[in-house]
Amino acid sequence: RMEGRWGSHPQFGRQFTVENYTTVLPATIQGIRRYLGSGLIKGIGPRIADRITEHFGTDTLDVIEQQPGRLVEVPGLGPKRTKMIAAAWEEQKAIKEVMVFLQGVGVSTSIAVRIYKKYGDASISVVRNEPYRLPP
């Protein structure tokens, strides 16, 4: 969620200047499923994302973050894959922050992935300060 004001840049047109923001995790099952199934977390594809979100619901991201061992409760996930997902989750914290921020401002998963691939850890800064640089 962002707070700010709209302005106009002489060269780039209408722009939003962010004065304050709050990172909001996807609150809906569909948002969580799309985030997990985006391919950014090794070991989780669309089918596994469906199974995980069906089992844990809106608590899914909290479970993965705080109690990753509980993933073995999901049908079809064994200890080996659960450990791989937990390790990938830790490695992808920077990506997660960027993806959650971008999806929180209404950017689709596919565009968010493209933004991250292009700008990496600078993605949030680019979206806030230079949104006209974003891919179409």
# chains A, B, ... in the order shown; residues from 1 in each chain; ligands from 1
>>> residues_around(residues="region 97-100 of chain A", least_positions_apart="3", cutoff="12 Å", atoms="only C-alpha atoms", output="number ranges by chain")
A: 1, 22-27, 31-32, 34-36, 38-41, 61, 89-94, 103-117, 119-128
>>> select_by_dssp(residues="chain A", states="helix (DSSP H, G or I)", output="ChimeraX atom specification")
/A:29-36,46-66,68-73,79-91,93-104,109-129,131-133
>>> select_by_dssp(residues="chain A", states="strand (DSSP E)", output="ChimeraX atom specification")
/A:2-9,13-21
